[in-house]
There are 2 protein chains.
Amino acid sequence: MSKVITPRAQDYSKWYNDIVVEAGLADHSAVRGCMVIKPHGYGIWEKIQQTLDKMFKDTGHVNAYFPLFIPKSLFEAEEKNAEGFAKECAVVTHYRLKNDPEHPGKLMVDPNAKLEEELVVRPTSEAIIWNTYRSWINSYRDLPILVNQWANVVRWEMRTRLFLRTAEFLWQEGHTAHATKEEAIEETRKMLGVYADFAENWLAVPVIRGVKTESERFAGADDTYCIEALMQDGKALQAGTSHFLGQNFAKAFDVKFAGQDGKLDYVWATSWGVSTRLMGALIMSHSDDNGLVIPPKLAPLQVVIVPIYKGMEGLQKVADAVAPMIEALKKQGVSVKFDDRDNQRPGWKFAEYELKGIPMRIAVGERDLTTGTVEVARRDTLSKEVVKMEDVVDYVVKTLDDIQSNLFHRAKARMEEKTMKVDTYEDFKRLLDEQPGFILAHWDGTAETEEKIKEETKATIRCIPLDAVEEEGKCIYSGKSSARRVLFARAY
Amino acid sequence: MSKVITPRAQDYSKWYNDIVVEAGLADHSAVRGCMVIKPHGYGIWEKIQQTLDKMFKDTGHVNAYFPLFIPKSLFEAEEKNAEGFAKECAVVTHYRLKNDPEHPGKLMVDPNAKLEEELVVRPTSEAIIWNTYRSWINSYRDLPILVNQWANVVRWEMRTRLFLRTAEFLWQEGHTAHATKEEAIEETRKMLGVYADFAENWLAVPVIRGVKTESERFAGADDTYCIEALMQDGKALQAGTSHFLGQNFAKAFDVKFAGQDGKLDYVWATSWGVSTRLMGALIMSHSDDNGLVIPPKLAPLQVVIVPIYKGMEGLQKVADAVAPMIEALKKQGVSVKFDDRDNQRPGWKFAEYELKGIPMRIAVGERDLTTGTVEVARRDTLSKEVVKMEDVVDYVVKTLDDIQSNLFHRAKARMEEKTMKVDTYEDFKRLLDEQPGFILAHWDGTAETEEKIKEETKATIRCIPLDAVEEEGKCIYSGKSSARRVLFARAY
């Protein structure tokens, strides 16, 4: 195996990039800030999509699709939202290219094909969707609207990192409309719950559920709920957000409904989304210096069987011997591949699947056929065990569950270990540098203090945890009184 | 039911638009030429996606994702492709908006945020993908590459129609790379076969497989294969294309591989795609003056059960009685909904589901409970039958198959009836106006004749059918000799 992953201890950031590139997840493209998601990475994203899509449908949502482009006049209608995204908008100004008379064989933008009104490439779709909802909603009978969209969005970023921050990314955005404030808040919280469930039980990434401070809120929201995860290097990663939008978009786009009493009122809104950023959370939570580690529930391929043999006759013997095992594993819903490529050696294959994070590997040698055993390796612990062939199916099914659970508990223990209560600003600063992680500290509730701390330490308030204990204290920065601790960290 | 569909006989074009809008499939948006795909339409598209995606995977393909934007310099690299799409490209020229000093609350494009190189919003992805493949391919061991992408693309169209021709549309585009010409041609034909199989056995739309003439080829292809369907009004609709791209893109992007003998050669390419246009084919093939008709295999909802009752107690009785039936139908893989909304009458519901094209409807009255029978209606024939409750599951499963098959055979009989052999230009022109459909006629093989016929009659050569019989004849236009008939029609 010639490919080498830079060890975490040496350069964490390079380690991350190496894994993304060498495991074949994604790569930089010729377009500034945009990535190519390669088949192995896209395969994991498909599992994420399928799982979430089912969870959304099970909670009553349906999918739809809205335009990629938003006319500037619609985009600017909800002022805070527009202001929040204006600085990172890709803008379409022309609709035609023509031959460049001065450079034969080259094209140029046709100046005669200038759009009357510029089109913003969606950075998020509230504007175009709420402009559409106006014609969908007349009375309370049309509510709630529970719609989700799977789409690409573009936010022009100056510094990009594969999956974590790219100019174009893939995501889902739920946009719901409700008759009452209470119902909209309930929806906002319900979807936060769905995200937390997905993060913990599929991604195997423990998260803190919380509410953002005003300055960290989504532009145009009355409240932003979030799930925050902690990566191996002690930096936080926002893994999903769910926004209570109040009546802000209904007012901006004049979306009213007649209640049962016939009175007109503005509609209440939520929006919620997760993106290909989740791939970053998956990679940074579980992987090691040998490469990627994929939680079994999201692995496009869960088990690979590698034959060890001499000559095509030997390969055939192994193939015949494992055929019933493959059949039985598939019946149990396990995705399995028999890698019978004759142009690569077993050792190369072992390293390749380790790098790519396949949860389990079964090596079957010609000699094993006489003893009736195989060697089974698990990716999370790198441990190996000799298992009787007749026990393999049960062992694999059980072990896949075990790996899923182990990954979660390992990440949870790490998060707990790296979560500290701090009572002085000195300790706060020292810990951020020496033992980075989540810091629970008192804050006076002002945007000024929040901003000062951010300027001085690069740490932000990730959220006010939903389960924060009411506890009298003093702000670590201003010394003013505080009613509960909030969660600080440096973040991706 | 207040919604009314314009009858086909009165205005076919309006009938189509009425169905799309009134059945809740799609609607025009605030963005010129872009549509909103509404939940019911998107639900059908999801079934189309899932089915095709499985067919692609079963034939060895994997999914990936490439950037939405293509730098102009890459876009223009393959000249014919660039020339073919240049006139319909949306172009991003700026990456930021700013507050408009002259109009408080309004935004303007920030002139300081002009891109050094303009970005084309992909009209198709050959350029960005082949630029990427250069780094993926070194030797024959890296081939074939069998990749598909599900994506949105933008082609600026002046005259748009929902699903049939929109500025932005959703599609899949397969892009494969091969070591030999033969293998690439085989792939091109294989995927045409997949499309034909899907069209006939899922969409229930019969198609003619063929090859495009040079002037109708995809820009940048050496050969374009297609499937052509015939709509109820006798106009053709191109339902899918599969292109043999030769080494054109490999040469434009310098993609070479070392063969087993170590010699370098350019890689051979194919690309193939179908789009949300298929929704148009589905709608126009099967629907009637009462609304949409969905083939059961692609119906997000196959069976709806409508209770007929008085009072909530009556509703409960019906609900209890149908619960086991619903359970049993689901076990058979049938998607079924019990519409227990109390704020709409049964008659309104009947009309609603008819309009939306749900394949089967079961009406269950309180009185039926004593006789142990229900009324089952099928959407394709609008016929009703009284069925014993214990027979319902078998009856439904059988009838869904029957509807699927009936829709296909009905459409096939219509296509055959509307396919005519013509030997004179007079007959050709008369038929196009009086009995529009597919016309099999002799053509001299020149682009000039093809263009003249198109100018004079608006009919184009849809394809040279793969199963065309070798038959001496004379071109209907020039009288020159011809070796086989080609397929003409006016088309969408």
# chains A, B, ... in the order shown; residues from 1 in each chain; ligands from 1
call {"tool": "residues_around", "arguments": {"residues": "A:Leu282", "least_positions_apart": "2", "cutoff": "12 Å", "atoms": "only C-alpha atoms", "output": "PDB file with N, CA and C atoms, in the first residue's frame"}}
result
ATOM      1  N   TYR A  16      -7.059  14.700   8.107  1.00  0.00           N
ATOM      2  CA  TYR A  16      -8.443  14.739   7.617  1.00  0.00           C
ATOM      3  C   TYR A  16      -8.471  14.775   6.089  1.00  0.00           C
ATOM      4  N   ILE A  19      -7.455  11.488   4.482  1.00  0.00           N
ATOM      5  CA  ILE A  19      -8.489  10.456   4.515  1.00  0.00           C
ATOM      6  C   ILE A  19      -9.535  10.714   3.442  1.00  0.00           C
ATOM      7  N   VAL A  20      -9.982  11.940   3.354  1.00  0.00           N
ATOM      8  CA  VAL A  20     -11.013  12.262   2.361  1.00  0.00           C
ATOM      9  C   VAL A  20     -10.541  11.902   0.959  1.00  0.00           C
ATOM     10  N   LEU A  25     -13.212   9.492  -1.067  1.00  0.00           N
ATOM     11  CA  LEU A  25     -14.497  10.087  -0.703  1.00  0.00           C
ATOM     12  C   LEU A  25     -14.806  11.313  -1.551  1.00  0.00           C
ATOM     13  N   GLY A  41     -17.511   8.070  -1.437  1.00  0.00           N
ATOM     14  CA  GLY A  41     -18.120   9.110  -0.603  1.00  0.00           C
ATOM     15  C   GLY A  41     -19.601   9.265  -0.891  1.00  0.00           C
ATOM     16  N   ILE A  44     -21.779   6.589   0.736  1.00  0.00           N
ATOM     17  CA  ILE A  44     -22.115   6.847   2.143  1.00  0.00           C
ATOM     18  C   ILE A  44     -23.208   7.922   2.215  1.00  0.00           C
ATOM     19  N   TRP A  45     -23.060   8.962   1.397  1.00  0.00           N
ATOM     20  CA  TRP A  45     -24.077  10.026   1.378  1.00  0.00           C
ATOM     21  C   TRP A  45     -25.450   9.468   0.989  1.00  0.00           C
ATOM     22  N   ILE A  48     -26.930   7.988   4.010  1.00  0.00           N
ATOM     23  CA  ILE A  48     -27.399   9.073   4.881  1.00  0.00           C
ATOM     24  C   ILE A  48     -28.740   9.593   4.368  1.00  0.00           C
ATOM     25  N   PHE A 163     -15.998  18.719   2.223  1.00  0.00           N
ATOM     26  CA  PHE A 163     -17.182  18.362   3.015  1.00  0.00           C
ATOM     27  C   PHE A 163     -17.530  19.405   4.086  1.00  0.00           C
ATOM     28  N   LEU A 164     -16.526  19.979   4.764  1.00  0.00           N
ATOM     29  CA  LEU A 164     -16.821  20.833   5.900  1.00  0.00           C
ATOM     30  C   LEU A 164     -17.290  22.224   5.478  1.00  0.00           C
ATOM     31  N   PHE A 198     -30.690  10.606  14.437  1.00  0.00           N
ATOM     32  CA  PHE A 198     -29.870  10.156  13.311  1.00  0.00           C
ATOM     33  C   PHE A 198     -28.382  10.229  13.645  1.00  0.00           C
ATOM     34  N   ALA A 199     -27.957  11.347  14.226  1.00  0.00           N
ATOM     35  CA  ALA A 199     -26.534  11.533  14.540  1.00  0.00           C
ATOM     36  C   ALA A 199     -26.063  10.436  15.488  1.00  0.00           C
ATOM     37  N   GLU A 200     -26.831  10.176  16.514  1.00  0.00           N
ATOM     38  CA  GLU A 200     -26.363   9.233  17.528  1.00  0.00           C
ATOM     39  C   GLU A 200     -26.534   7.776  17.104  1.00  0.00           C
ATOM     40  N   TRP A 202     -27.206   6.475  13.929  1.00  0.00           N
ATOM     41  CA  TRP A 202     -26.725   6.042  12.603  1.00  0.00           C
ATOM     42  C   TRP A 202     -25.272   6.489  12.394  1.00  0.00           C
ATOM     43  N   LEU A 203     -25.043   7.816  12.534  1.00  0.00           N
ATOM     44  CA  LEU A 203     -23.664   8.303  12.398  1.00  0.00           C
ATOM     45  C   LEU A 203     -22.779   7.836  13.551  1.00  0.00           C
ATOM     46  N   ALA A 204     -23.421   7.432  14.654  1.00  0.00           N
ATOM     47  CA  ALA A 204     -22.693   7.060  15.871  1.00  0.00           C
ATOM     48  C   ALA A 204     -21.907   8.247  16.430  1.00  0.00           C
ATOM     49  N   VAL A 205     -22.481   9.430  16.270  1.00  0.00           N
ATOM     50  CA  VAL A 205     -21.850  10.652  16.765  1.00  0.00           C
ATOM     51  C   VAL A 205     -22.725  11.260  17.864  1.00  0.00           C
ATOM     52  N   PRO A 206     -22.228  11.274  19.097  1.00  0.00           N
ATOM     53  CA  PRO A 206     -23.018  11.867  20.188  1.00  0.00           C
ATOM     54  C   PRO A 206     -23.121  13.379  19.982  1.00  0.00           C
ATOM     55  N   ALA A 229     -21.570  18.536  17.701  1.00  0.00           N
ATOM     56  CA  ALA A 229     -20.742  17.352  17.950  1.00  0.00           C
ATOM     57  C   ALA A 229     -19.310  17.795  18.237  1.00  0.00           C
ATOM     58  N   LEU A 230     -18.532  16.897  18.852  1.00  0.00           N
ATOM     59  CA  LEU A 230     -17.144  17.232  19.168  1.00  0.00           C
ATOM     60  C   LEU A 230     -16.206  16.294  18.416  1.00  0.00           C
ATOM     61  N   MET A 231     -15.306  16.873  17.658  1.00  0.00           N
ATOM     62  CA  MET A 231     -14.386  16.054  16.866  1.00  0.00           C
ATOM     63  C   MET A 231     -13.201  15.604  17.730  1.00  0.00           C
ATOM     64  N   GLN A 232     -12.387  14.704  17.168  1.00  0.00           N
ATOM     65  CA  GLN A 232     -11.279  14.131  17.931  1.00  0.00           C
ATOM     66  C   GLN A 232     -10.263  15.167  18.387  1.00  0.00           C
ATOM     67  N   LEU A 237     -18.352  20.746  15.902  1.00  0.00           N
ATOM     68  CA  LEU A 237     -18.895  20.791  14.549  1.00  0.00           C
ATOM     69  C   LEU A 237     -20.415  20.822  14.648  1.00  0.00           C
ATOM     70  N   ALA A 239     -23.793  20.033  13.499  1.00  0.00           N
ATOM     71  CA  ALA A 239     -24.152  18.915  12.624  1.00  0.00           C
ATOM     72  C   ALA A 239     -25.551  19.029  12.033  1.00  0.00           C
ATOM     73  N   THR A 276     -23.924  17.746   3.401  1.00  0.00           N
ATOM     74  CA  THR A 276     -22.778  16.859   3.210  1.00  0.00           C
ATOM     75  C   THR A 276     -21.704  17.094   4.266  1.00  0.00           C
ATOM     76  N   ARG A 277     -21.871  18.163   5.047  1.00  0.00           N
ATOM     77  CA  ARG A 277     -21.026  18.391   6.207  1.00  0.00           C
ATOM     78  C   ARG A 277     -21.042  17.200   7.171  1.00  0.00           C
ATOM     79  N   LEU A 278     -22.186  16.494   7.201  1.00  0.00           N
ATOM     80  CA  LEU A 278     -22.278  15.320   8.072  1.00  0.00           C
ATOM     81  C   LEU A 278     -21.183  14.309   7.740  1.00  0.00           C
ATOM     82  N   MET A 279     -20.761  14.295   6.487  1.00  0.00           N
ATOM     83  CA  MET A 279     -19.664  13.408   6.096  1.00  0.00           C
ATOM     84  C   MET A 279     -18.409  13.766   6.881  1.00  0.00           C
ATOM     85  N   GLY A 280     -18.202  15.077   7.080  1.00  0.00           N
ATOM     86  CA  GLY A 280     -17.058  15.525   7.868  1.00  0.00           C
ATOM     87  C   GLY A 280     -17.150  15.027   9.299  1.00  0.00           C
ATOM     88  N   MET A 284     -14.378  12.554  10.955  1.00  0.00           N
ATOM     89  CA  MET A 284     -13.546  13.015  12.068  1.00  0.00           C
ATOM     90  C   MET A 284     -13.895  12.375  13.398  1.00  0.00           C
ATOM     91  N   SER A 285     -15.077  11.762  13.494  1.00  0.00           N
ATOM     92  CA  SER A 285     -15.439  11.130  14.763  1.00  0.00           C
ATOM     93  C   SER A 285     -14.792   9.757  14.920  1.00  0.00           C
ATOM     94  N   HIS A 286     -14.698   9.005  13.835  1.00  0.00           N
ATOM     95  CA  HIS A 286     -14.354   7.592  13.986  1.00  0.00           C
ATOM     96  C   HIS A 286     -13.029   7.150  13.387  1.00  0.00           C
ATOM     97  N   SER A 287     -12.512   7.919  12.443  1.00  0.00           N
ATOM     98  CA  SER A 287     -11.360   7.419  11.692  1.00  0.00           C
ATOM     99  C   SER A 287     -10.089   7.423  12.525  1.00  0.00           C
ATOM    100  N   ASP A 288      -9.084   6.678  12.059  1.00  0.00           N
ATOM    101  CA  ASP A 288      -7.812   6.603  12.767  1.00  0.00           C
ATOM    102  C   ASP A 288      -6.666   6.809  11.783  1.00  0.00           C
ATOM    103  N   LEU A 292     -10.192   5.649   7.044  1.00  0.00           N
ATOM    104  CA  LEU A 292     -11.593   5.879   7.380  1.00  0.00           C
ATOM    105  C   LEU A 292     -12.157   4.720   8.212  1.00  0.00           C
ATOM    106  N   VAL A 293     -13.124   5.050   9.081  1.00  0.00           N
ATOM    107  CA  VAL A 293     -13.913   4.022   9.764  1.00  0.00           C
ATOM    108  C   VAL A 293     -15.380   4.388   9.579  1.00  0.00           C
ATOM    109  N   ILE A 294     -16.144   3.538   8.921  1.00  0.00           N
ATOM    110  CA  ILE A 294     -17.553   3.846   8.649  1.00  0.00           C
ATOM    111  C   ILE A 294     -18.441   3.078   9.625  1.00  0.00           C
ATOM    112  N   PRO A 295     -19.404   3.766  10.261  1.00  0.00           N
ATOM    113  CA  PRO A 295     -20.356   3.034  11.103  1.00  0.00           C
ATOM    114  C   PRO A 295     -21.133   2.041  10.227  1.00  0.00           C
ATOM    115  N   PRO A 296     -21.280   0.797  10.665  1.00  0.00           N
ATOM    116  CA  PRO A 296     -21.898  -0.238   9.831  1.00  0.00           C
ATOM    117  C   PRO A 296     -23.254   0.150   9.239  1.00  0.00           C
ATOM    118  N   LYS A 297     -24.072   0.887  10.009  1.00  0.00           N
ATOM    119  CA  LYS A 297     -25.405   1.221   9.503  1.00  0.00           C
ATOM    120  C   LYS A 297     -25.356   2.152   8.292  1.00  0.00           C
ATOM    121  N   LEU A 298     -24.250   2.828   8.075  1.00  0.00           N
ATOM    122  CA  LEU A 298     -24.148   3.748   6.936  1.00  0.00           C
ATOM    123  C   LEU A 298     -23.110   3.285   5.920  1.00  0.00           C
ATOM    124  N   ALA A 299     -22.614   2.075   6.101  1.00  0.00           N
ATOM    125  CA  ALA A 299     -21.590   1.584   5.172  1.00  0.00           C
ATOM    126  C   ALA A 299     -22.262   0.996   3.926  1.00  0.00           C
ATOM    127  N   GLY A 357     -12.403   2.023   5.167  1.00  0.00           N
ATOM    128  CA  GLY A 357     -13.282   1.979   6.334  1.00  0.00           C
ATOM    129  C   GLY A 357     -14.345   0.913   6.348  1.00  0.00           C
ATOM    130  N   LEU A 407     -18.513   2.322  18.334  1.00  0.00           N
ATOM    131  CA  LEU A 407     -18.118   3.617  17.776  1.00  0.00           C
ATOM    132  C   LEU A 407     -18.821   4.749  18.522  1.00  0.00           C
ATOM    133  N   PHE A 408     -20.109   4.541  18.770  1.00  0.00           N
ATOM    134  CA  PHE A 408     -20.857   5.578  19.479  1.00  0.00           C
ATOM    135  C   PHE A 408     -20.316   5.770  20.889  1.00  0.00           C
ATOM    136  N   ALA A 411     -16.951   7.468  21.008  1.00  0.00           N
ATOM    137  CA  ALA A 411     -17.055   8.902  20.732  1.00  0.00           C
ATOM    138  C   ALA A 411     -17.696   9.636  21.908  1.00  0.00           C
TER     139      ALA A 411
END
call {"tool": "residues_around", "arguments": {"residues": "B:Val397", "least_positions_apart": "2", "cutoff": "10 Å", "atoms": "only C-alpha atoms", "output": "ChimeraX atom specification"}}
result
/B:329,332-334,392-395,399-402
call {"tool": "write_last_selection", "arguments": {"atoms": "C-alpha atoms", "output": "compact mmCIF listing (two decimals), in the first residue's frame"}}
result
# COMPACT_ATOMS: atom_id res chain seq x y z
CA LEU B 329 -52.43 -5.17 1.13
CA GLN B 332 -48.34 -7.74 -0.54
CA GLY B 333 -46.28 -4.62 -1.21
CA VAL B 334 -49.26 -2.51 -2.22
CA VAL B 392 -60.13 -7.84 -2.18
CA VAL B 393 -56.40 -8.40 -1.68
CA ASP B 394 -56.07 -10.91 -4.50
CA TYR B 395 -58.30 -8.80 -6.70
CA THR B 399 -55.85 -5.70 -11.09
CA LEU B 400 -52.79 -3.50 -10.49
CA ASP B 401 -50.84 -5.82 -12.80
CA ASP B 402 -53.69 -5.70 -15.23
call {"tool": "closest_atom_pairs", "arguments": {"of": "chain A", "to": "chain B", "cutoff": "7 Å", "atoms": "only C-alpha atoms", "output": "Markdown table"}}
result
| residue | atom | partner | partner_atom | distance |
| --- | --- | --- | --- | --- |
| A:Val31 | CA | B:Pro71 | CA | 6.5 |
| A:Cys34 | CA | B:Pro67 | CA | 6.1 |
| A:Met35 | CA | B:Pro67 | CA | 6.5 |
| A:Val36 | CA | B:Phe66 | CA | 4.7 |
| A:Ile37 | CA | B:Tyr65 | CA | 4.9 |
| A:Lys38 | CA | B:Ala64 | CA | 5.2 |
| A:Pro39 | CA | B:Ala64 | CA | 4.8 |
| A:Tyr42 | CA | B:Ala64 | CA | 5.4 |
| A:Val62 | CA | B:Pro39 | CA | 6.2 |
| A:Asn63 | CA | B:Pro39 | CA | 5.6 |
| A:Ala64 | CA | B:Pro39 | CA | 4.7 |
| A:Tyr65 | CA | B:Ile37 | CA | 4.9 |
| A:Phe66 | CA | B:Val36 | CA | 4.8 |
| A:Pro67 | CA | B:Cys34 | CA | 6.1 |
| A:Phe69 | CA | B:Val31 | CA | 6.9 |
| A:Ile70 | CA | B:Val31 | CA | 6.7 |
| A:Pro71 | CA | B:Val31 | CA | 6.5 |
| A:Glu76 | CA | B:Lys106 | CA | 6.4 |
| A:Ala86 | CA | B:Leu97 | CA | 4.9 |
| A:Lys87 | CA | B:Arg96 | CA | 4.8 |
| A:Glu88 | CA | B:Arg96 | CA | 5.4 |
| A:Cys89 | CA | B:Arg96 | CA | 4.9 |
| A:Ala90 | CA | B:Tyr95 | CA | 4.2 |
| A:Val91 | CA | B:Val92 | CA | 5.3 |
| A:Val92 | CA | B:Val92 | CA | 4.1 |
| A:Thr93 | CA | B:Val92 | CA | 6.3 |
| A:His94 | CA | B:Val91 | CA | 5.3 |
| A:Tyr95 | CA | B:Ala90 | CA | 4.2 |
| A:Arg96 | CA | B:Lys87 | CA | 4.8 |
| A:Leu97 | CA | B:Ala86 | CA | 4.9 |
| A:Lys98 | CA | B:Ala86 | CA | 6.3 |
| A:Lys106 | CA | B:Glu76 | CA | 6.4 |
| A:Leu107 | CA | B:Glu76 | CA | 6.6 |
| A:Trp156 | CA | B:Tyr95 | CA | 6.4 |
call {"tool": "select_by_dssp", "arguments": {"residues": "stretch 199-399 of chain A", "states": "strand (DSSP E)", "output": "VMD selection string"}}
result
chain A and resid 208 to 211 223 to 230 236 to 246 256 to 258 264 to 266 268 to 275 303 to 308 336 to 338 360 to 365 373 to 378 384 to 388
call {"tool": "write_last_selection", "arguments": {"atoms": "C-alpha atoms", "output": "PDB file, in the first residue's frame"}}
result
ATOM      1  CA  ILE A 208     -25.480  18.183  22.431  1.00  0.00           C
ATOM      2  CA  ARG A 209     -28.933  19.577  21.663  1.00  0.00           C
ATOM      3  CA  GLY A 210     -29.267  23.276  22.232  1.00  0.00           C
ATOM      4  CA  VAL A 211     -30.400  26.714  21.153  1.00  0.00           C
ATOM      5  CA  ASP A 223     -34.822  30.805  17.177  1.00  0.00           C
ATOM      6  CA  THR A 224     -32.230  28.360  15.909  1.00  0.00           C
ATOM      7  CA  TYR A 225     -31.941  24.938  17.503  1.00  0.00           C
ATOM      8  CA  CYS A 226     -28.863  22.892  16.771  1.00  0.00           C
ATOM      9  CA  ILE A 227     -26.993  19.692  17.446  1.00  0.00           C
ATOM     10  CA  GLU A 228     -23.300  20.118  18.204  1.00  0.00           C
ATOM     11  CA  ALA A 229     -20.742  17.352  17.950  1.00  0.00           C
ATOM     12  CA  LEU A 230     -17.144  17.232  19.168  1.00  0.00           C
ATOM     13  CA  ALA A 236     -16.932  21.458  17.703  1.00  0.00           C
ATOM     14  CA  LEU A 237     -18.895  20.791  14.549  1.00  0.00           C
ATOM     15  CA  GLN A 238     -22.470  21.980  14.058  1.00  0.00           C
ATOM     16  CA  ALA A 239     -24.152  18.915  12.624  1.00  0.00           C
ATOM     17  CA  GLY A 240     -27.696  20.140  12.001  1.00  0.00           C
ATOM     18  CA  THR A 241     -29.965  23.105  12.600  1.00  0.00           C
ATOM     19  CA  SER A 242     -33.707  23.540  12.971  1.00  0.00           C
ATOM     20  CA  HIS A 243     -35.148  27.031  12.818  1.00  0.00           C
ATOM     21  CA  PHE A 244     -38.321  28.521  14.206  1.00  0.00           C
ATOM     22  CA  LEU A 245     -38.911  31.304  11.681  1.00  0.00           C
ATOM     23  CA  GLY A 246     -41.882  32.919  13.383  1.00  0.00           C
ATOM     24  CA  LYS A 256     -51.907  34.606   5.153  1.00  0.00           C
ATOM     25  CA  PHE A 257     -54.508  32.002   5.931  1.00  0.00           C
ATOM     26  CA  ALA A 258     -58.154  32.175   6.980  1.00  0.00           C
ATOM     27  CA  LEU A 264     -56.829  36.201   8.345  1.00  0.00           C
ATOM     28  CA  ASP A 265     -53.457  35.689   9.981  1.00  0.00           C
ATOM     29  CA  TYR A 266     -49.877  35.230   8.892  1.00  0.00           C
ATOM     30  CA  TRP A 268     -45.927  30.325  11.070  1.00  0.00           C
ATOM     31  CA  ALA A 269     -42.810  28.749   9.626  1.00  0.00           C
ATOM     32  CA  THR A 270     -39.930  26.425  10.320  1.00  0.00           C
ATOM     33  CA  SER A 271     -36.951  25.313   8.299  1.00  0.00           C
ATOM     34  CA  TRP A 272     -34.315  22.684   9.070  1.00  0.00           C
ATOM     35  CA  GLY A 273     -31.371  21.212   7.299  1.00  0.00           C
ATOM     36  CA  VAL A 274     -28.367  18.949   7.311  1.00  0.00           C
ATOM     37  CA  SER A 275     -25.761  18.751   4.597  1.00  0.00           C
ATOM     38  CA  VAL A 303     -18.276  -6.924   4.823  1.00  0.00           C
ATOM     39  CA  VAL A 304     -15.603  -7.814   2.327  1.00  0.00           C
ATOM     40  CA  ILE A 305     -14.360 -11.344   1.801  1.00  0.00           C
ATOM     41  CA  VAL A 306     -10.779 -11.631   0.603  1.00  0.00           C
ATOM     42  CA  PRO A 307      -9.593 -14.984  -0.761  1.00  0.00           C
ATOM     43  CA  ILE A 308      -6.040 -16.160  -0.138  1.00  0.00           C
ATOM     44  CA  VAL A 336     -21.116  -8.201   1.321  1.00  0.00           C
ATOM     45  CA  LYS A 337     -18.614  -8.405  -1.512  1.00  0.00           C
ATOM     46  CA  PHE A 338     -16.298 -11.216  -2.515  1.00  0.00           C
ATOM     47  CA  MET A 360     -15.511  -6.085   8.607  1.00  0.00           C
ATOM     48  CA  ARG A 361     -13.115  -8.160   6.586  1.00  0.00           C
ATOM     49  CA  ILE A 362     -13.136 -11.917   6.258  1.00  0.00           C
ATOM     50  CA  ALA A 363      -9.997 -13.606   4.986  1.00  0.00           C
ATOM     51  CA  VAL A 364     -10.491 -17.116   3.622  1.00  0.00           C
ATOM     52  CA  GLY A 365      -7.430 -19.146   2.721  1.00  0.00           C
ATOM     53  CA  THR A 373     -12.478 -21.666   9.895  1.00  0.00           C
ATOM     54  CA  VAL A 374     -11.947 -18.132   8.634  1.00  0.00           C
ATOM     55  CA  GLU A 375     -10.230 -15.039   9.984  1.00  0.00           C
ATOM     56  CA  VAL A 376     -12.527 -12.152  10.712  1.00  0.00           C
ATOM     57  CA  ALA A 377     -11.167  -8.640  11.318  1.00  0.00           C
ATOM     58  CA  ARG A 378     -13.110  -5.653  12.581  1.00  0.00           C
ATOM     59  CA  LYS A 384      -8.912 -10.349  14.445  1.00  0.00           C
ATOM     60  CA  GLU A 385     -10.612 -13.553  15.423  1.00  0.00           C
ATOM     61  CA  VAL A 386     -10.723 -17.053  13.995  1.00  0.00           C
ATOM     62  CA  VAL A 387     -14.342 -18.122  13.548  1.00  0.00           C
ATOM     63  CA  LYS A 388     -15.859 -21.428  12.477  1.00  0.00           C
TER      64      LYS A 388
END
call {"tool": "atom_distance", "arguments": {"atom1": "atom CA of B:Thr381", "atom2": "atom CA of B:Gln344"}}
result
25.0 Å
call {"tool": "atom_distance", "arguments": {"atom1": "atom CA of A:Pro300", "atom2": "atom CA of B:Trp130"}}
result
25.6 Å
call {"tool": "closest_residue", "arguments": {"among": "B:Asn290, B:Thr176, B:Thr424, B:Thr460", "to": "B:Ile145", "atoms": "only C-alpha atoms"}}
result
B:Thr176
call {"tool": "atom_distance", "arguments": {"atom1": "atom CA of B:Ser13", "atom2": "atom CA of B:Met420"}}
result
23.7 Å
call {"tool": "residues_around", "arguments": {"residues": "A:Ile461", "least_positions_apart": "2", "cutoff": "10 Å", "atoms": "only C-alpha atoms", "output": "PyMOL selection string"}}
result
chain A and resi 211-213+215-216+438-441+443+450-451+453-454+459+463-464+486-491
call {"tool": "closest_residue", "arguments": {"among": "B:Glu448, B:Glu352, B:Asp11, B:Glu434", "to": "B:Lys418", "atoms": "only C-alpha atoms"}}
result
B:Glu434
